[in-house]
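Undergrad: mmCIF, C-alpha atoms, saved as structure16.cif, coming up:
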data_final
loop_
_atom_site.group_PDB
_atom_site.id
_atom_site.type_symbol
_atom_site.label_atom_id
_atom_site.label_comp_id
_atom_site.auth_asym_id
_atom_site.auth_seq_id
_atom_site.Cartn_x
_atom_site.Cartn_y
_atom_site.Cartn_z
ATOM 1 C CA MET I 1 -12.264 3.963 7.910
ATOM 2 C CA GLY I 2 -14.275 1.083 9.324
ATOM 3 C CA ASP I 3 -13.803 -2.503 8.183
ATOM 4 C CA LEU I 4 -12.132 -1.762 4.850
ATOM 5 C CA VAL I 5 -11.220 -5.399 4.191
ATOM 6 C CA ILE I 6 -13.913 -8.060 4.273
ATOM 7 C CA LYS I 7 -13.538 -11.831 4.216
ATOM 8 C CA ALA I 8 -16.067 -13.418 1.874
ATOM 9 C CA ALA I 9 -17.845 -16.737 2.371
ATOM 10 C CA ASN I 10 -15.379 -18.458 0.022
ATOM 11 C CA GLY I 11 -12.479 -17.434 2.271
ATOM 12 C CA ARG I 12 -11.132 -14.772 -0.076
ATOM 13 C CA PHE I 13 -10.710 -11.125 0.885
ATOM 14 C CA HIS I 14 -12.044 -8.065 -0.880
ATOM 15 C CA VAL I 15 -12.327 -4.332 -0.213
ATOM 16 C CA ASP I 16 -15.637 -2.959 1.033
ATOM 17 C CA GLU I 17 -16.574 -0.576 -1.776
ATOM 18 C CA ARG I 18 -18.896 1.352 0.564
ATOM 19 C CA GLN I 19 -16.027 2.579 2.751
ATOM 20 C CA ARG I 20 -13.968 4.440 0.133
ATOM 21 C CA PRO I 21 -15.675 4.022 -3.250
ATOM 22 C CA ASP I 22 -13.391 6.527 -4.967
ATOM 23 C CA SER I 23 -10.197 4.605 -4.057
ATOM 24 C CA LEU I 24 -11.495 1.073 -4.649
ATOM 25 C CA LEU I 25 -8.993 0.509 -7.463
ATOM 26 C CA ILE I 26 -5.905 1.330 -5.399
ATOM 27 C CA ASP I 27 -7.155 -0.376 -2.225
ATOM 28 C CA GLU I 28 -7.974 -3.605 -4.070
ATOM 29 C CA MET I 29 -4.602 -3.702 -5.851
ATOM 30 C CA ILE I 30 -2.744 -3.298 -2.547
ATOM 31 C CA LEU I 31 -4.914 -5.955 -0.897
ATOM 32 C CA GLN I 32 -4.381 -8.555 -3.622
ATOM 33 C CA ALA I 33 -0.626 -7.895 -3.725
ATOM 34 C CA LEU I 34 -0.504 -8.354 0.053
ATOM 35 C CA VAL I 35 -2.464 -11.607 -0.112
ATOM 36 C CA ARG I 36 -0.061 -12.969 -2.757
ATOM 37 C CA PHE I 37 2.927 -11.903 -0.664
ATOM 38 C CA LEU I 38 1.677 -13.647 2.468
ATOM 39 C CA GLU I 39 0.657 -16.842 0.672
ATOM 40 C CA ARG I 40 4.050 -17.115 -1.060
ATOM 41 C CA ASN I 41 6.212 -16.398 1.959
ATOM 42 C CA PHE I 42 4.380 -17.601 5.070
ATOM 43 C CA GLU I 43 2.093 -20.408 6.209
ATOM 44 C CA LYS I 44 -1.315 -19.996 7.788
ATOM 45 C CA GLY I 45 -1.219 -20.941 11.430
ATOM 46 C CA GLY I 46 2.551 -20.593 11.456
ATOM 47 C CA GLY I 47 4.727 -18.871 14.004
ATOM 48 C CA GLY I 48 6.678 -15.699 13.656
ATOM 49 C CA ARG I 49 6.032 -12.069 14.457
ATOM 50 C CA LEU I 50 4.707 -9.265 12.243
ATOM 51 C CA LEU I 51 4.978 -5.494 12.641
ATOM 52 C CA ASP I 52 2.241 -3.392 11.032
ATOM 53 C CA ALA I 53 4.169 -0.130 10.684
ATOM 54 C CA GLY I 54 2.035 2.964 10.207
ATOM 55 C CA ALA I 55 -0.987 0.750 10.826
ATOM 56 C CA GLY I 56 -3.663 3.412 11.211
ATOM 57 C CA SER I 57 -6.956 1.601 11.807
ATOM 58 C CA ARG I 58 -5.303 -1.760 10.997
ATOM 59 C CA PRO I 59 -7.414 -2.455 7.870
ATOM 60 C CA TYR I 60 -5.331 -5.512 6.912
ATOM 61 C CA LEU I 61 -5.462 -7.230 10.308
ATOM 62 C CA PRO I 62 -7.998 -9.867 9.111
ATOM 63 C CA VAL I 63 -5.583 -10.764 6.295
ATOM 64 C CA TYR I 64 -2.250 -11.129 8.080
ATOM 65 C CA GLU I 65 -3.303 -12.353 11.535
ATOM 66 C CA GLU I 66 -3.825 -15.870 10.145
ATOM 67 C CA PHE I 67 -0.136 -16.153 9.242
ATOM 68 C CA PHE I 68 1.603 -15.115 12.463
ATOM 69 C CA ALA I 69 1.630 -16.146 16.094
ATOM 70 C CA SER I 70 2.086 -12.515 17.166
ATOM 71 C CA VAL I 71 1.293 -9.174 15.501
ATOM 72 C CA VAL I 72 2.173 -5.672 16.677
ATOM 73 C CA SER I 73 0.752 -2.427 15.262
ATOM 74 C CA ILE I 74 2.351 1.007 15.570
ATOM 75 C CA ASP I 75 1.470 4.526 14.403
ATOM 76 C CA ILE I 76 2.123 8.086 15.504
ATOM 77 C CA PRO I 77 -0.071 9.488 18.291
ATOM 78 C CA GLY I 78 -1.376 12.256 16.006
ATOM 79 C CA SER I 79 -2.457 9.938 13.193
ATOM 80 C CA PRO I 80 -5.572 11.134 11.302
ATOM 81 C CA HIS I 81 -6.874 7.558 11.349
ATOM 82 C CA ASP I 82 -8.749 5.715 14.089
ATOM 83 C CA ILE I 83 -5.861 4.357 16.162
ATOM 84 C CA ALA I 84 -7.857 3.193 19.172
ATOM 85 C CA GLY I 85 -6.850 -0.426 18.528
ATOM 86 C CA LEU I 86 -3.101 0.219 18.175
ATOM 87 C CA ASP I 87 -0.609 -1.728 20.274
ATOM 88 C CA VAL I 88 2.148 0.918 20.325
ATOM 89 C CA ALA I 89 2.281 4.677 19.723
ATOM 90 C CA GLY I 90 5.543 5.706 18.112
ATOM 91 C CA THR I 91 7.365 6.720 14.953
ATOM 92 C CA LEU I 92 9.100 4.719 12.234
ATOM 93 C CA HIS I 93 12.082 7.030 12.593
ATOM 94 C CA CYS I 94 12.827 5.477 15.980
ATOM 95 C CA LEU I 95 11.099 2.121 16.402
ATOM 96 C CA PRO I 96 10.839 1.025 20.058
ATOM 97 C CA PHE I 97 11.829 -2.586 19.359
ATOM 98 C CA ARG I 98 14.934 -4.752 19.656
ATOM 99 C CA ASP I 99 17.174 -5.606 16.693
ATOM 100 C CA GLY I 100 15.886 -8.533 14.621
ATOM 101 C CA GLU I 101 12.588 -8.776 16.469
ATOM 102 C CA PHE I 102 10.248 -9.323 13.482
ATOM 103 C CA ASP I 103 9.920 -11.910 10.720
ATOM 104 C CA CYS I 104 7.774 -9.595 8.608
ATOM 105 C CA ILE I 105 6.966 -5.891 8.364
ATOM 106 C CA LEU I 106 3.915 -4.435 6.641
ATOM 107 C CA CYS I 107 4.068 -0.767 5.608
ATOM 108 C CA THR I 108 1.294 0.373 3.253
ATOM 109 C CA GLU I 109 0.946 3.958 1.969
ATOM 110 C CA VAL I 110 3.190 5.290 4.739
ATOM 111 C CA PHE I 111 6.560 6.277 3.258
ATOM 112 C CA GLU I 112 5.186 9.323 1.443
ATOM 113 C CA HIS I 113 4.363 10.760 4.887
ATOM 114 C CA LEU I 114 7.839 10.275 6.404
ATOM 115 C CA HIS I 115 10.102 13.337 6.476
ATOM 116 C CA ASP I 116 13.211 11.083 6.625
ATOM 117 C CA PRO I 117 12.371 7.931 4.641
ATOM 118 C CA LEU I 118 15.952 6.624 4.622
ATOM 119 C CA LEU I 119 16.125 6.716 8.417
ATOM 120 C CA ALA I 120 12.745 4.961 8.625
ATOM 121 C CA MET I 121 13.866 2.268 6.173
ATOM 122 C CA LYS I 122 17.043 1.703 8.198
ATOM 123 C CA GLU I 123 14.934 1.301 11.327
ATOM 124 C CA CYS I 124 12.755 -1.260 9.537
ATOM 125 C CA GLY I 125 15.900 -3.100 8.471
ATOM 126 C CA ARG I 126 17.205 -3.016 12.030
ATOM 127 C CA VAL I 127 14.152 -4.633 13.649
ATOM 128 C CA LEU I 128 13.740 -7.192 10.822
ATOM 129 C CA LYS I 129 15.346 -10.607 11.213
ATOM 130 C CA HIS I 130 17.927 -11.777 8.672
ATOM 131 C CA GLY I 131 15.916 -13.400 5.913
ATOM 132 C CA GLY I 132 12.819 -11.514 7.043
ATOM 133 C CA ARG I 133 10.709 -9.643 4.514
ATOM 134 C CA LEU I 134 9.057 -6.238 4.304
ATOM 135 C CA PHE I 135 5.955 -5.591 2.196
ATOM 136 C CA MET I 136 5.395 -1.949 1.312
ATOM 137 C CA SER I 137 3.201 0.104 -0.993
ATOM 138 C CA THR I 138 3.654 3.700 -2.082
ATOM 139 C CA PRO I 139 1.692 6.090 -4.313
ATOM 140 C CA PHE I 140 3.127 7.675 -7.442
ATOM 141 C CA PHE I 141 0.388 9.623 -9.228
ATOM 142 C CA ASN I 142 -1.821 10.591 -6.317
ATOM 143 C CA PRO I 143 -3.422 13.837 -5.094
ATOM 144 C CA LEU I 144 -2.052 15.542 -1.999
ATOM 145 C CA HIS I 145 -3.469 13.995 1.164
ATOM 146 C CA GLU I 146 -3.040 14.209 4.927
ATOM 147 C CA ILE I 147 -1.736 17.735 4.388
ATOM 148 C CA PRO I 148 0.777 19.034 5.425
ATOM 149 C CA HIS I 149 2.414 15.655 6.046
ATOM 150 C CA ASP I 150 2.632 14.480 2.427
ATOM 151 C CA TYR I 151 6.292 14.734 1.432
ATOM 152 C CA TYR I 152 7.372 12.310 -1.315
ATOM 153 C CA ARG I 153 6.487 10.174 -4.322
ATOM 154 C CA TYR I 154 8.731 7.184 -5.146
ATOM 155 C CA THR I 155 9.954 5.676 -8.386
ATOM 156 C CA PRO I 156 10.968 1.982 -8.383
ATOM 157 C CA PHE I 157 14.571 3.145 -8.556
ATOM 158 C CA ALA I 158 14.124 5.170 -5.370
ATOM 159 C CA ILE I 159 12.575 2.192 -3.578
ATOM 160 C CA LYS I 160 15.498 -0.024 -4.537
ATOM 161 C CA HIS I 161 17.980 2.700 -3.580
ATOM 162 C CA ILE I 162 16.733 3.358 -0.048
ATOM 163 C CA ALA I 163 16.326 -0.397 0.468
ATOM 164 C CA ALA I 164 19.933 -1.090 -0.544
ATOM 165 C CA CYS I 165 21.193 1.745 1.660
ATOM 166 C CA SER I 166 19.375 0.076 4.563
ATOM 167 C CA GLY I 167 20.760 -3.426 4.082
ATOM 168 C CA LEU I 168 17.679 -4.704 2.251
ATOM 169 C CA ARG I 169 17.367 -6.369 -1.146
ATOM 170 C CA ALA I 170 14.435 -5.617 -3.445
ATOM 171 C CA VAL I 171 12.919 -9.012 -4.239
ATOM 172 C CA SER I 172 10.066 -7.653 -6.345
ATOM 173 C CA ILE I 173 8.507 -4.342 -7.298
ATOM 174 C CA GLY I 174 5.071 -4.316 -8.898
ATOM 175 C CA GLU I 175 2.926 -1.567 -10.385
ATOM 176 C CA LYS I 176 -0.525 -0.495 -9.251
ATOM 177 C CA GLY I 177 -1.944 -0.389 -12.756
ATOM 178 C CA GLY I 178 -0.697 1.455 -15.814
ATOM 179 C CA GLU I 179 -1.881 4.264 -18.072
ATOM 180 C CA GLY I 180 -5.469 2.987 -18.051
ATOM 181 C CA ALA I 181 -5.629 3.015 -14.251
ATOM 182 C CA PHE I 182 -4.212 6.540 -14.157
ATOM 183 C CA ALA I 183 -6.728 7.807 -16.737
ATOM 184 C CA LEU I 184 -9.619 6.179 -14.878
ATOM 185 C CA MET I 185 -8.645 7.614 -11.501
ATOM 186 C CA TYR I 186 -8.010 11.072 -12.978
ATOM 187 C CA VAL I 187 -11.468 11.216 -14.556
ATOM 188 C CA THR I 188 -13.024 9.779 -11.382
ATOM 189 C CA TYR I 189 -11.288 12.414 -9.265
ATOM 190 C CA LEU I 190 -12.578 15.300 -11.403
ATOM 191 C CA TRP I 191 -16.107 13.896 -11.553
ATOM 192 C CA LEU I 192 -16.102 13.249 -7.800
ATOM 193 C CA ARG I 193 -15.095 16.831 -6.962
ATOM 194 C CA LEU I 194 -17.813 18.239 -9.230
ATOM 195 C CA TRP I 195 -20.494 15.904 -7.912
ATOM 196 C CA LEU I 196 -19.688 16.491 -4.224
ATOM 197 C CA LYS I 197 -19.875 20.259 -4.753
ATOM 198 C CA LEU I 198 -23.330 19.845 -6.298
ATOM 199 C CA LEU I 199 -24.476 17.572 -3.464
ATOM 200 C CA GLU I 200 -23.155 19.971 -0.829
ATOM 201 C CA ARG I 201 -24.969 22.851 -2.498
ATOM 202 C CA PHE I 202 -28.261 20.995 -2.175
ATOM 203 C CA GLY I 203 -27.483 19.587 1.282
ATOM 204 C CA LYS I 204 -27.320 15.962 0.161
ATOM 205 C CA ALA I 205 -23.614 15.136 0.581
ATOM 206 C CA SER I 206 -24.429 12.355 3.058
ATOM 207 C CA SER I 207 -26.161 10.367 0.297
ATOM 208 C CA PHE I 208 -22.943 10.044 -1.731
ATOM 209 C CA SER I 209 -21.609 6.602 -0.706
ATOM 210 C CA GLY I 210 -24.757 4.535 -1.062
ATOM 211 C CA SER I 211 -26.318 6.024 -4.182
ATOM 212 C CA VAL I 212 -26.888 4.206 -7.467
ATOM 213 C CA LEU I 213 -25.129 7.026 -9.313
ATOM 214 C CA THR I 214 -22.039 6.498 -7.159
ATOM 215 C CA TYR I 215 -21.978 2.830 -8.074
ATOM 216 C CA LEU I 216 -22.525 3.352 -11.812
ATOM 217 C CA THR I 217 -20.092 6.240 -12.331
ATOM 218 C CA ILE I 218 -17.384 5.535 -9.737
ATOM 219 C CA VAL I 219 -17.475 1.963 -8.421
ATOM 220 C CA LEU I 220 -18.454 0.014 -11.547
ATOM 221 C CA PRO I 221 -15.732 1.453 -13.855
ATOM 222 C CA GLN I 222 -13.107 0.571 -11.258
ATOM 223 C CA LYS I 223 -14.493 -2.963 -10.937
ATOM 224 C CA ILE I 224 -14.348 -3.402 -14.712
ATOM 225 C CA TYR I 225 -10.715 -2.255 -14.798
ATOM 226 C CA LEU I 226 -9.838 -4.558 -11.897
ATOM 227 C CA GLY I 227 -11.390 -7.496 -13.713
ATOM 228 C CA LEU I 228 -9.323 -6.779 -16.823
ATOM 229 C CA TRP I 229 -6.175 -6.161 -14.784
ATOM 230 C CA LYS I 230 -6.489 -9.445 -12.876
ATOM 231 C CA ALA I 231 -7.163 -11.362 -16.088
ATOM 232 C CA ARG I 232 -4.037 -10.072 -17.796
ATOM 233 C CA SER I 233 -1.229 -12.530 -18.171
ATOM 234 C CA GLY I 234 1.878 -11.891 -16.145
ATOM 235 C CA GLN I 235 0.132 -10.289 -13.173
ATOM 236 C CA SER I 236 2.657 -12.011 -10.885
ATOM 237 C CA ASP I 237 5.205 -9.564 -9.532
ATOM 238 C CA VAL I 238 7.879 -12.255 -9.127
ATOM 239 C CA GLY I 239 11.077 -11.083 -10.777
ATOM 240 C CA ALA I 240 9.633 -7.638 -11.413
ATOM 241 C CA CYS I 241 12.913 -6.057 -10.322
ATOM 242 C CA ASP I 242 14.341 -7.123 -13.661
ATOM 243 C CA LYS I 243 12.277 -4.277 -15.135
ATOM 244 C CA LEU I 244 14.579 -1.832 -13.387
ATOM 245 C CA ILE I 245 17.321 -2.955 -15.738
ATOM 246 C CA THR I 246 15.282 -3.520 -18.906
ATOM 247 C CA GLY I 247 13.196 -0.344 -18.541
ATOM 248 C CA LYS I 248 9.863 -2.150 -18.973
ATOM 249 C CA PHE I 249 8.066 -0.321 -16.200
ATOM 250 C CA SER I 250 5.101 1.838 -17.224
ATOM 251 C CA THR I 251 5.990 5.518 -17.246
ATOM 252 C CA ILE I 252 2.612 6.276 -15.658
ATOM 253 C CA THR I 253 1.200 4.292 -12.727
ATOM 254 C CA LEU I 254 -0.796 4.909 -9.558
ATOM 255 C CA GLY I 255 2.034 3.562 -7.447
ATOM 256 C CA TYR I 256 4.075 0.515 -6.493
ATOM 257 C CA THR I 257 4.104 -2.464 -4.191
ATOM 258 C CA ALA I 258 7.464 -3.885 -3.186
ATOM 259 C CA VAL I 259 8.865 -6.872 -1.326
ATOM 260 C CA LEU I 260 12.202 -6.275 0.403
ATOM 261 C CA GLU I 261 14.383 -8.847 2.138
ATOM 262 C CA LYS I 262 17.039 -8.437 4.810
ATOM 263 C CA ASN I 263 20.233 -10.269 3.912
ATOM 264 C CA ALA I 264 23.253 -11.055 6.052
ATOM 265 C CA ALA I 265 25.549 -9.901 3.208
ATOM 266 C CA PRO I 266 25.709 -6.202 2.217
ATOM 267 C CA VAL I 267 23.637 -5.275 -0.838
ATOM 268 C CA PHE I 268 25.204 -1.917 -1.698
ATOM 269 C CA ALA I 269 26.937 -3.422 -4.762
ATOM 270 C CA GLU I 270 23.531 -3.635 -6.461
ATOM 271 C CA MET I 271 23.534 0.152 -6.761
ATOM 272 C CA GLU I 272 26.394 0.025 -9.269
ATOM 273 C CA ARG I 273 24.048 -1.387 -11.905
ATOM 274 C CA LEU I 274 21.540 1.480 -11.727
#
Write out the structure in this file as structure tokens.
TA:
Amino acid sequence: MGDLVIKAANGRFHVDERQRPDSLLIDEMILQALVRFLERNFEKGGGGRLLDAGAGSRPYLPVYEEFFASVVSIDIPGSPHDIAGLDVAGTLHCLPFRDGEFDCILCTEVFEHLHDPLLAMKECGRVLKHGGRLFMSTPFFNPLHEIPHDYYRYTPFAIKHIAACSGLRAVSIGEKGGEGAFALMYVTYLWLRLWLKLLERFGKASSFSGSVLTYLTIVLPQKIYLGLWKARSGQSDVGACDKLITGKFSTITLGYTAVLEKNAAPVFAEMERL
């Protein structure tokens, strides 16, 4: 993947559009949600310990390493990503850590690849300290990927359910765009498949990422949507779990980001309201 996340001169982070131009929209939404999560819950230069679960090539390391005294990354040995920089090889179904070892867990675009997501969530809850928080992101409308290990898509209700069954409380659940984002990515996906077939036919597939046509037809529309999305009022995901009760979630979205917290008291009673 390379250096997916780049720190700009003004200190803010953004996604390198040259790495994965077709998924700029999703990558940027996850990044900005993660930045908000860290800034609201932790202090730069503070202590604590973070687990990057399903870390792959650790694309978010430049973002979270400023907030913790110690960070640990883990992924499966057969990961399709570049895992040369990983700290630990292992599975989320059986984390090789002590109970309550981490103040924070990061788990982005991983749970769709887990054959037993409830067991993995319970393991995350086990190694998280009481009061610790887990930031996760999952796809909803998304093409099959990393075949054959692409098992599930999650609604916000499912996220809250497996969290509650694991002793975690859903603090917030936010959407990765709405109908407009879905329409944009669907059209981009179809156009991308057609264009790559044409480039492969003429032996020019390697010119895809850096071309002007790529920028104008794939990157620029996503940047325009992101600008509109960020400018919308109410982009904060604080209190977004209320939408589970009021039904104000979009029926179509690219996916969700969620913040879960480990509480000393059981949270199973929350399920009675669903």
Undergrad: Got a sec: who's within 12 Å of Thr155 in chain I, counting all atoms listed in the file, leaving out chain neighbours fewer than 3 positions off, as a short mmCIF file (atom, residue, chain, number, x, y, z; two decimals) with C-alpha atoms, in the frame of the given file?
TA:
data_model
loop_
_atom_site.label_atom_id
_atom_site.label_comp_id
_atom_site.auth_asym_id
_atom_site.auth_seq_id
_atom_site.Cartn_x
_atom_site.Cartn_y
_atom_site.Cartn_z
CA GLU I 112 5.19 9.32 1.44
CA SER I 137 3.20 0.10 -0.99
CA THR I 138 3.65 3.70 -2.08
CA PRO I 139 1.69 6.09 -4.31
CA PHE I 140 3.13 7.68 -7.44
CA PHE I 141 0.39 9.62 -9.23
CA TYR I 152 7.37 12.31 -1.32
CA ALA I 158 14.12 5.17 -5.37
CA ILE I 159 12.58 2.19 -3.58
CA LYS I 160 15.50 -0.02 -4.54
CA HIS I 161 17.98 2.70 -3.58
CA ILE I 162 16.73 3.36 -0.05
CA ILE I 173 8.51 -4.34 -7.30
CA GLY I 174 5.07 -4.32 -8.90
CA GLU I 175 2.93 -1.57 -10.38
CA LEU I 244 14.58 -1.83 -13.39
CA PHE I 249 8.07 -0.32 -16.20
CA SER I 250 5.10 1.84 -17.22
CA THR I 251 5.99 5.52 -17.25
CA ILE I 252 2.61 6.28 -15.66
CA THR I 253 1.20 4.29 -12.73
CA LEU I 254 -0.80 4.91 -9.56
CA GLY I 255 2.03 3.56 -7.45
CA TYR I 256 4.08 0.52 -6.49
CA THR I 257 4.10 -2.46 -4.19
CA ALA I 258 7.46 -3.88 -3.19
#
Undergrad: Can you tell me, as a VMD selection string, what residues are no more than 8 Å from range 219-229 of chain I when counting all atoms listed in the file, ignoring any on the same chain fewer than 2 positions away?
TA: chain I and resid 17 21 to 22 24 to 25 177 181 184 214 to 217 231 to 232 235
Undergrad: Using only C-alpha atoms, please write the residues we just selected to a file, as a PDB file, in the coordinates of the input.
TA:
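And here is the file that came out, result_30.pdb:
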ATOM      1  CA  GLU I  17     -16.574  -0.576  -1.776  1.00  0.00           C
ATOM      2  CA  PRO I  21     -15.675   4.022  -3.250  1.00  0.00           C
ATOM      3  CA  ASP I  22     -13.391   6.527  -4.967  1.00  0.00           C
ATOM      4  CA  LEU I  24     -11.495   1.073  -4.649  1.00  0.00           C
ATOM      5  CA  LEU I  25      -8.993   0.509  -7.463  1.00  0.00           C
ATOM      6  CA  GLY I 177      -1.944  -0.389 -12.756  1.00  0.00           C
ATOM      7  CA  ALA I 181      -5.629   3.015 -14.251  1.00  0.00           C
ATOM      8  CA  LEU I 184      -9.619   6.179 -14.878  1.00  0.00           C
ATOM      9  CA  THR I 214     -22.039   6.498  -7.159  1.00  0.00           C
ATOM     10  CA  TYR I 215     -21.978   2.830  -8.074  1.00  0.00           C
ATOM     11  CA  LEU I 216     -22.525   3.352 -11.812  1.00  0.00           C
ATOM     12  CA  THR I 217     -20.092   6.240 -12.331  1.00  0.00           C
ATOM     13  CA  ALA I 231      -7.163 -11.362 -16.088  1.00  0.00           C
ATOM     14  CA  ARG I 232      -4.037 -10.072 -17.796  1.00  0.00           C
ATOM     15  CA  GLN I 235       0.132 -10.289 -13.173  1.00  0.00           C
TER      16      GLN I 235
END
Undergrad: Taking the file as shown, what set of residues would the PyMOL selection byres ((chain I and resi 44) around 9) give back, as a PyMOL selection string?
TA: chain I and resi 38-39+42-43+45-47+64-68
Undergrad: Which residues are near range 116-129 of chain I? Cut-off 6 Å, only C-alpha atoms, ignore same chain within fewer than 6 positions. Put them as a PyMOL selection string.
TA: chain I and resi 92-93+99-103+162+166
Undergrad: List the residues selected by the PyMOL selection byres ((chain I and resi 147) around 12) in the file shown, writing them as a count of residues only.
TA: 12
Undergrad: For range 10-14 of chain I, work out the shell of residues within 10 Å, counting all atoms listed in the file and skipping chain neighbours fewer than 4 positions away, then give it as a list in words.
TA: Leu4, Val5, Ile6, Leu24, Asp27, Glu28, Met29, Leu31, Gln32, Val35, Tyr60, Pro62 and Val63 of chain I
Undergrad: What does the structure give for the distance between CA of Ile76 in chain I and CA of Arg133 in chain I, in Å to one decimal?
TA: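 Those two atoms sit 22.6 Å apart.
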